[in-house]
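Chemist: Supplied structure: upload_33.txt, compact mmCIF, C-alpha atoms and all ligand atoms.
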```txt
# COMPACT_ATOMS: atom_id res chain seq x y z
CA MET T 1 -8.15 -6.09 11.00
CA ASN T 2 -7.79 -8.93 13.50
CA VAL T 3 -7.86 -11.80 11.04
CA LEU T 4 -5.12 -10.26 8.92
CA GLU T 5 -3.21 -9.32 12.04
CA GLN T 6 -3.15 -12.94 13.13
CA GLN T 7 -1.53 -13.95 9.86
CA LEU T 8 1.50 -11.77 10.53
CA SER T 9 4.54 -13.43 11.96
CA ILE T 10 6.04 -11.47 14.85
CA GLU T 11 9.08 -13.70 14.63
CA ALA T 12 9.64 -12.77 10.95
CA LEU T 13 9.06 -9.09 11.71
CA GLN T 14 11.59 -9.13 14.51
CA ARG T 15 14.07 -10.97 12.31
CA GLY T 16 13.87 -8.00 9.92
CA ASP T 17 11.94 -9.72 7.12
CA ARG T 18 11.16 -6.88 4.68
CA ALA T 19 8.27 -8.62 2.93
CA GLU T 20 6.61 -9.28 6.25
CA PHE T 21 7.10 -5.67 7.30
CA ALA T 22 5.50 -4.53 4.03
CA ARG T 23 2.55 -6.79 4.78
CA MET T 24 2.27 -5.28 8.23
CA VAL T 25 2.26 -1.79 6.75
CA ASP T 26 -0.58 -2.75 4.44
CA VAL T 27 -2.60 -4.38 7.22
CA PHE T 28 -2.42 -1.38 9.55
CA SER T 29 -1.91 1.73 7.46
CA GLY T 30 -5.63 2.15 6.68
CA PRO T 31 -6.85 2.30 10.27
CA LEU T 32 -3.81 4.26 11.46
CA TYR T 33 -4.23 6.84 8.70
CA ARG T 34 -7.92 7.20 9.51
CA LEU T 35 -7.12 7.66 13.20
CA ALA T 36 -4.52 10.32 12.47
CA LEU T 37 -6.79 12.09 10.03
CA LYS T 38 -9.63 12.25 12.51
CA MET T 39 -7.33 13.36 15.30
CA LEU T 40 -5.60 16.07 13.29
CA GLY T 41 -8.05 17.00 10.56
CA SER T 42 -5.30 17.51 7.99
CA PRO T 43 -4.26 14.94 5.34
CA GLN T 44 -0.70 16.25 5.36
CA ASP T 45 -0.38 15.89 9.13
CA ALA T 46 -2.02 12.47 9.00
CA GLU T 47 0.51 11.33 6.43
CA ASP T 48 3.38 12.56 8.59
CA VAL T 49 2.00 10.65 11.55
CA LEU T 50 1.57 7.53 9.43
CA GLN T 51 5.17 7.65 8.23
CA ASN T 52 6.59 8.39 11.66
CA THR T 53 4.55 5.60 13.20
CA PHE T 54 6.04 2.96 10.93
CA ILE T 55 9.54 4.41 11.21
CA LYS T 56 9.27 4.13 15.00
CA ALA T 57 7.75 0.68 14.69
CA LEU T 58 10.65 -0.46 12.54
CA GLN T 59 13.14 0.92 15.08
CA ASN T 60 11.38 -0.66 18.04
CA LEU T 61 10.00 -3.96 16.79
CA LYS T 62 12.82 -5.82 18.47
CA THR T 63 11.62 -4.58 21.84
CA PHE T 64 7.98 -5.52 21.18
CA GLU T 65 7.19 -8.11 23.81
CA GLY T 66 3.70 -9.04 22.82
CA ARG T 67 2.17 -7.91 26.10
CA SER T 68 -0.42 -6.10 24.03
CA SER T 69 -1.43 -6.98 20.49
CA LEU T 70 0.54 -5.59 17.57
CA SER T 71 -2.37 -3.31 16.63
CA THR T 72 -2.65 -1.84 20.12
CA TRP T 73 1.09 -1.28 20.14
CA LEU T 74 0.92 0.54 16.78
CA TYR T 75 -2.08 2.60 17.88
CA ARG T 76 -0.08 3.68 20.89
CA ILE T 77 2.81 4.84 18.73
CA ALA T 78 0.44 6.63 16.33
CA VAL T 79 -1.45 8.37 19.14
CA ASN T 80 1.80 9.60 20.64
CA GLU T 81 2.99 10.87 17.28
CA ALA T 82 -0.32 12.64 16.69
CA LEU T 83 -0.30 14.19 20.16
CA MET T 84 3.26 15.36 19.70
CA LEU T 85 2.23 17.11 16.53
CA LEU T 86 -0.81 18.63 18.19
CA ARG T 87 1.32 19.88 21.04
CA LYS T 88 3.62 21.59 18.60
CA GLN T 89 0.62 23.30 17.03
CA LYS T 90 -1.24 23.92 20.29
CA PRO T 91 1.12 23.76 23.28
CA GLU T 92 -1.75 23.59 25.78
CA VAL T 93 -2.82 20.08 24.73
CA SER T 94 -1.92 17.25 27.06
CA LEU T 95 -3.44 13.82 27.20
CA THR T 96 -2.52 13.30 30.81
CA ASP T 97 -4.18 16.52 31.87
CA THR T 98 -6.37 15.60 34.77
CA LEU T 99 -9.94 16.24 33.86
CA PRO T 100 -11.84 18.28 36.39
CA GLU T 101 -13.48 15.06 37.51
CA ASP T 102 -16.29 16.30 39.72
CA SER T 103 -16.53 20.03 39.45
CA GLU T 104 -17.61 20.05 35.83
CA ASP T 105 -19.95 17.10 36.00
CA THR T 106 -22.89 19.33 35.29
CA ASP T 107 -21.39 20.15 31.91
CA TYR T 108 -22.11 16.61 30.87
CA SER T 109 -25.67 16.50 32.13
CA PRO T 110 -28.07 16.20 29.22
CA VAL T 111 -29.85 19.38 28.19
CA GLU T 112 -31.25 18.26 24.83
CA PHE T 113 -34.28 16.00 25.02
CA THR T 114 -35.33 15.78 21.42
CA ASP T 115 -36.10 12.28 20.25
CA TRP T 116 -34.57 12.14 16.79
CA CYS T 117 -34.17 8.35 16.63
CA CYS T 118 -37.37 8.13 14.57
CA LEU T 119 -35.95 10.07 11.64
CA PRO T 120 -36.04 8.05 8.40
CA GLU T 121 -32.84 6.03 7.91
CA GLU T 122 -31.97 8.00 4.71
CA GLU T 123 -31.49 11.10 6.88
CA PHE T 124 -28.49 9.44 8.50
CA LEU T 125 -26.87 8.34 5.27
CA THR T 126 -26.50 11.66 3.49
CA THR T 127 -23.11 13.24 2.88
CA GLU T 128 -24.20 16.19 4.98
CA SER T 129 -25.08 13.89 7.85
CA ARG T 130 -21.66 12.27 7.71
CA GLN T 131 -20.00 15.65 7.68
CA ALA T 132 -22.02 16.57 10.75
CA LEU T 133 -20.74 13.44 12.50
CA ASP T 134 -17.14 14.37 11.67
CA ALA T 135 -17.57 18.01 12.57
CA SER T 136 -19.14 17.09 15.92
CA MET T 137 -16.26 14.80 16.71
CA ARG T 138 -13.80 17.55 15.91
CA ARG T 139 -15.47 19.73 18.54
CA LEU T 140 -14.51 17.32 21.31
CA PRO T 141 -11.46 18.26 23.38
CA GLU T 142 -8.48 16.09 22.37
CA THR T 143 -8.49 14.20 25.67
CA LEU T 144 -12.01 12.95 24.94
CA ARG T 145 -11.69 12.65 21.18
CA VAL T 146 -8.77 10.26 21.24
CA VAL T 147 -10.60 7.90 23.60
CA PHE T 148 -13.74 8.03 21.49
CA LEU T 149 -11.77 7.41 18.29
CA LEU T 150 -10.01 4.33 19.59
CA ARG T 151 -13.08 2.82 21.21
CA ASP T 152 -15.96 3.75 18.91
CA ILE T 153 -14.30 4.31 15.55
CA GLU T 154 -11.42 1.84 15.68
CA GLY T 155 -13.35 -0.64 17.78
CA LEU T 156 -10.73 -1.26 20.48
CA SER T 157 -11.96 -2.68 23.77
CA ILE T 158 -11.81 -0.61 26.96
CA GLN T 159 -8.71 -2.57 27.97
CA GLU T 160 -6.98 -2.09 24.62
CA THR T 161 -7.81 1.61 24.67
CA SER T 162 -6.32 1.94 28.13
CA GLU T 163 -3.16 0.14 26.97
CA ALA T 164 -2.85 2.28 23.86
CA LEU T 165 -3.23 5.50 25.84
CA GLY T 166 -1.49 4.56 29.06
CA LEU T 167 -4.63 5.47 31.01
CA THR T 168 -6.48 3.43 33.60
CA GLU T 169 -9.63 1.65 32.45
CA THR T 170 -11.63 3.88 34.79
CA ALA T 171 -10.26 7.00 33.13
CA VAL T 172 -11.03 5.54 29.71
CA LYS T 173 -14.61 4.80 30.74
CA THR T 174 -15.14 8.26 32.20
CA ARG T 175 -13.78 9.97 29.11
CA LEU T 176 -15.72 7.70 26.77
CA LEU T 177 -18.98 8.47 28.56
CA ARG T 178 -18.27 12.20 28.40
CA ALA T 179 -17.34 12.06 24.75
CA ARG T 180 -20.50 10.15 23.88
CA LEU T 181 -22.72 12.46 25.93
CA ARG T 182 -21.16 15.51 24.36
CA LEU T 183 -21.66 14.07 20.87
CA ARG T 184 -25.25 13.17 21.71
CA GLU T 185 -25.91 16.81 22.57
CA LEU T 186 -24.38 18.04 19.33
CA LEU T 187 -26.22 15.49 17.21
CA SER T 188 -29.48 16.23 19.03
CA VAL T 189 -29.24 19.81 17.84
CA TYR T 190 -28.32 18.80 14.30
CA TYR T 191 -30.91 16.05 13.82
CA GLY T 192 -33.51 17.85 15.92
CA GLU T 193 -33.60 20.50 13.21
CA ARG T 194 -34.41 17.81 10.70
CA LEU T 195 -37.48 16.56 12.50
CA PRO T 196 -40.77 17.49 10.90
CA GLU T 197 -42.46 20.42 12.62
CA ARG T 198 -45.04 19.32 15.12
CA LYS T 199 -46.65 20.20 18.42
CA GLY T 200 -46.00 23.58 19.97
CA MET Z 1 -38.85 21.80 31.78
CA SER Z 2 -35.42 22.03 30.32
CA LYS Z 3 -33.08 20.91 33.04
CA HIS Z 4 -32.83 17.31 34.10
CA GLU Z 5 -32.87 17.58 37.85
CA HIS Z 6 -33.91 14.31 39.41
CA THR Z 7 -31.05 12.81 41.37
CA ARG Z 8 -32.12 9.41 40.07
CA CYS Z 9 -31.53 10.57 36.52
CA LYS Z 10 -28.09 11.87 37.49
CA ASP Z 11 -27.19 8.58 39.17
CA LEU Z 12 -28.00 6.64 36.05
CA LEU Z 13 -25.98 8.88 33.79
CA GLY Z 14 -22.70 7.30 34.89
CA SER Z 15 -23.83 3.84 33.79
CA LEU Z 16 -25.23 4.74 30.39
CA SER Z 17 -22.07 4.12 28.39
CA ASP Z 18 -21.77 0.60 29.79
CA TYR Z 19 -25.49 0.15 29.32
CA VAL Z 20 -25.46 0.88 25.58
CA ASP Z 21 -22.39 -1.36 25.24
CA GLY Z 22 -24.28 -4.19 26.91
CA ALA Z 23 -21.61 -4.30 29.61
CA LEU Z 24 -23.82 -3.81 32.68
CA SER Z 25 -24.97 -6.46 35.11
CA GLU Z 26 -28.52 -7.67 34.70
CA SER Z 27 -29.69 -6.05 37.91
CA LEU Z 28 -28.36 -2.63 36.86
CA CYS Z 29 -29.96 -3.03 33.43
CA GLN Z 30 -33.26 -3.74 35.10
CA GLU Z 31 -32.88 -0.63 37.25
CA ILE Z 32 -32.29 1.50 34.19
CA GLU Z 33 -35.15 -0.08 32.29
CA ALA Z 34 -37.52 0.45 35.20
CA HIS Z 35 -36.50 4.09 35.43
CA VAL Z 36 -36.75 4.91 31.72
CA ALA Z 37 -40.18 3.28 31.62
CA GLU Z 38 -41.45 6.20 33.66
CA CYS Z 39 -38.96 8.98 32.87
CA SER Z 40 -39.33 10.10 29.29
CA ASN Z 41 -36.27 12.36 29.36
CA CYS Z 42 -34.01 9.49 30.36
CA ARG Z 43 -35.62 7.26 27.78
CA ILE Z 44 -34.76 9.83 25.11
CA VAL Z 45 -31.20 10.19 26.41
CA VAL Z 46 -30.69 6.41 26.35
CA ASP Z 47 -32.21 6.01 22.87
CA THR Z 48 -30.34 8.91 21.32
CA LEU Z 49 -27.08 7.97 23.03
CA ARG Z 50 -27.37 4.48 21.62
CA LYS Z 51 -28.20 5.92 18.20
CA THR Z 52 -25.20 8.27 18.41
CA VAL Z 53 -22.84 5.38 19.10
CA THR Z 54 -24.43 3.24 16.38
CA LEU Z 55 -24.10 6.01 13.80
CA TYR Z 56 -20.39 6.35 14.45
CA HIS Z 57 -19.90 2.59 14.44
CA THR Z 58 -21.60 2.17 11.08
CA THR Z 59 -19.80 5.01 9.34
CA ALA Z 60 -16.42 4.09 10.85
CA GLY Z 61 -15.63 1.09 8.68
CA GLU Z 62 -16.25 2.96 5.45
CA THR Z 63 -13.17 5.13 5.41
CA ALA Z 64 -10.14 2.98 6.20
CA GLU Z 65 -8.45 3.43 2.84
CA VAL Z 66 -5.06 5.01 2.41
CA PRO Z 67 -4.94 7.07 -0.79
CA ALA Z 68 -2.68 5.36 -3.36
CA GLN Z 69 -0.17 8.21 -3.40
CA VAL Z 70 0.07 8.25 0.37
CA ARG Z 71 0.76 4.52 0.33
CA GLU Z 72 3.40 4.96 -2.33
CA ARG Z 73 5.22 7.70 -0.43
CA LEU Z 74 4.98 5.64 2.74
CA PHE Z 75 6.58 2.62 1.07
CA ARG Z 76 9.36 4.78 -0.37
CA THR Z 77 10.04 6.40 3.01
CA LEU Z 78 10.38 2.94 4.51
CA ASN Z 79 12.55 1.65 1.65
CA LEU Z 80 9.88 -0.84 0.74
CA GLU Z 81 9.57 0.11 -2.96
CA ASP Z 82 10.08 -3.53 -3.94
CA TYR Z 83 6.82 -4.43 -2.27
CA LEU Z 84 4.65 -1.67 -3.70
CA LYS Z 85 3.00 -3.93 -6.23
CA HIS Z 86 0.80 -6.01 -3.93
ZN ZN T 301 -34.72 10.13 34.49
```
Could I get this file's structure written as C-alpha cells?
Ligand SMILES: [Zn+2]
Modeler:
Amino acid sequence: MNVLEQQLSIEALQRGDRAEFARMVDVFSGPLYRLALKMLGSPQDAEDVLQNTFIKALQNLKTFEGRSSLSTWLYRIAVNEALMLLRKQKPEVSLTDTLPEDSEDTDYSPVEFTDWCCLPEEEFLTTESRQALDASMRRLPETLRVVFLLRDIEGLSIQETSEALGLTETAVKTRLLRARLRLRELLSVYYGERLPERKG
Amino acid sequence: MSKHEHTRCKDLLGSLSDYVDGALSESLCQEIEAHVAECSNCRIVVDTLRKTVTLYHTTAGETAEVPAQVRERLFRTLNLEDYLKH
C-alpha cells in the first residue's frame, strides 16, 4: 500500500481533484474493507463503514495536516466508524474502556503448552485452518481485536496503530501482547488436536 | 504440571511480543534465550506465539480485494461513476 500511497498527491486531493480522489479510493478501499469486515464480521456492515469512511474523508480532507500518513488517517476514520456501528449493536463496547491492567493478568498467563509448530506446512494452508484463524480472532474482545488487526493484519507500526486509535504506545503494546497470547491459546487447542497421537 | 508458575516465566511474558517482533535489546534477547534453553514450557510459548503471529501475517495479504459490486456502489455513493473504469 505504501508505494501507491506515495504516488497520491495530497495537494490535488485537497484541491478537490476528482480523479485523484478516485485513485485514493482504489488504493485504500481494499485494506479498509478488509479491516471493517474483520472487525464487524458482516459484509453489509463492512460496506457501510467503507462508504462512510470515504464520505468523511471527502468532507475532512481539507483539514488533513499530514501529521500522520494518509493511510493512518483513513484507518482512524474507519475504526471510528466501525466502533460506532458496534456500539449501536452492542452498547457496552468502548475502545477507551480501561482494561483491568493488573487484576486480570493471570487470564493471559499461558495454560496451553502443546508444541504444534512442527505440524506439516499443508496443515496451515487449508480452508479450515484459515477459518479457524478468523474465528479465533473474532473471539477477541473488540478492544484487543482492533489493535491486533491494525498491527498484525494491516501491518501498521506500533506508533501508527497508536495514532490511528488515539491510544498511547504503551497501551497498544499491552493490548497487542494480550491479543497475541489469547490467540496463541486458541490456536494451540485447534492445532493441538491435529497433532498425531503420541506419548501418554 | 499444567500451570506455569515460575516467577521468571511470568516476568518474561511481558517482553514476548517485542521479542517475536525483533524489537528487544540484545541483552533482553539473551536473557530470554538463556531462559527458554532450560524451560521447555517457555520455549513452546515463544515458538507457538511466533508461529501464531506468522500465520496471521501470511494470510493477511491474501484478502484485500473489494468485491466488484461493492466498489461500484462505493463509486456511485461518492459520485465517482466517471472513474469506475480503471
Ligand atoms: Zn519459563
Chemist: So, with all atoms listed in the file as the atoms that count, which of Z:Leu84, Z:Leu49, Z:Val70, Z:Cys39 lies closest to ligand ZN 301 (chain T)?
Modeler: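 So, comparing all the options, the nearest one is Z:Cys39.
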Chemist: For a quick test of understanding: name the residues of chain Z lying within 8 Å of chain T when counting all atoms listed in the file, and present them as a PyMOL selection string.
Modeler: chain Z and resi 2-4+10+13-14+16-17+41+44-45+47-49+51-53+55-57+59-61+63-66+70+74-75+77-78+80+83
Chemist: Please identify every polymer residue within 8 Å of ligand ZN 301 (chain T), using only C-alpha atoms and all ligand atoms, and present the set as a list in words.
Modeler: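 The neighbouring residues of ligand ZN 301 (chain T) are, in order, His4, His6, Arg8, Cys9, Lys10, Leu12, His35, Val36, Glu38, Cys39, Ser40, Asn41, Cys42 and Arg43 of chain Z.
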Chemist: May I ask for the distance between atom CA of T:Ser157 and atom CA of T:Thr170, given in Å to one decimal place?
Modeler: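 The value is 12.8 Å.
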Chemist: Give me, please, the distance in Å between atom CA of Z:Lys85 and atom CA of Z:Glu72, quoted to one decimal.
Modeler: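 So the answer is 9.7 Å.
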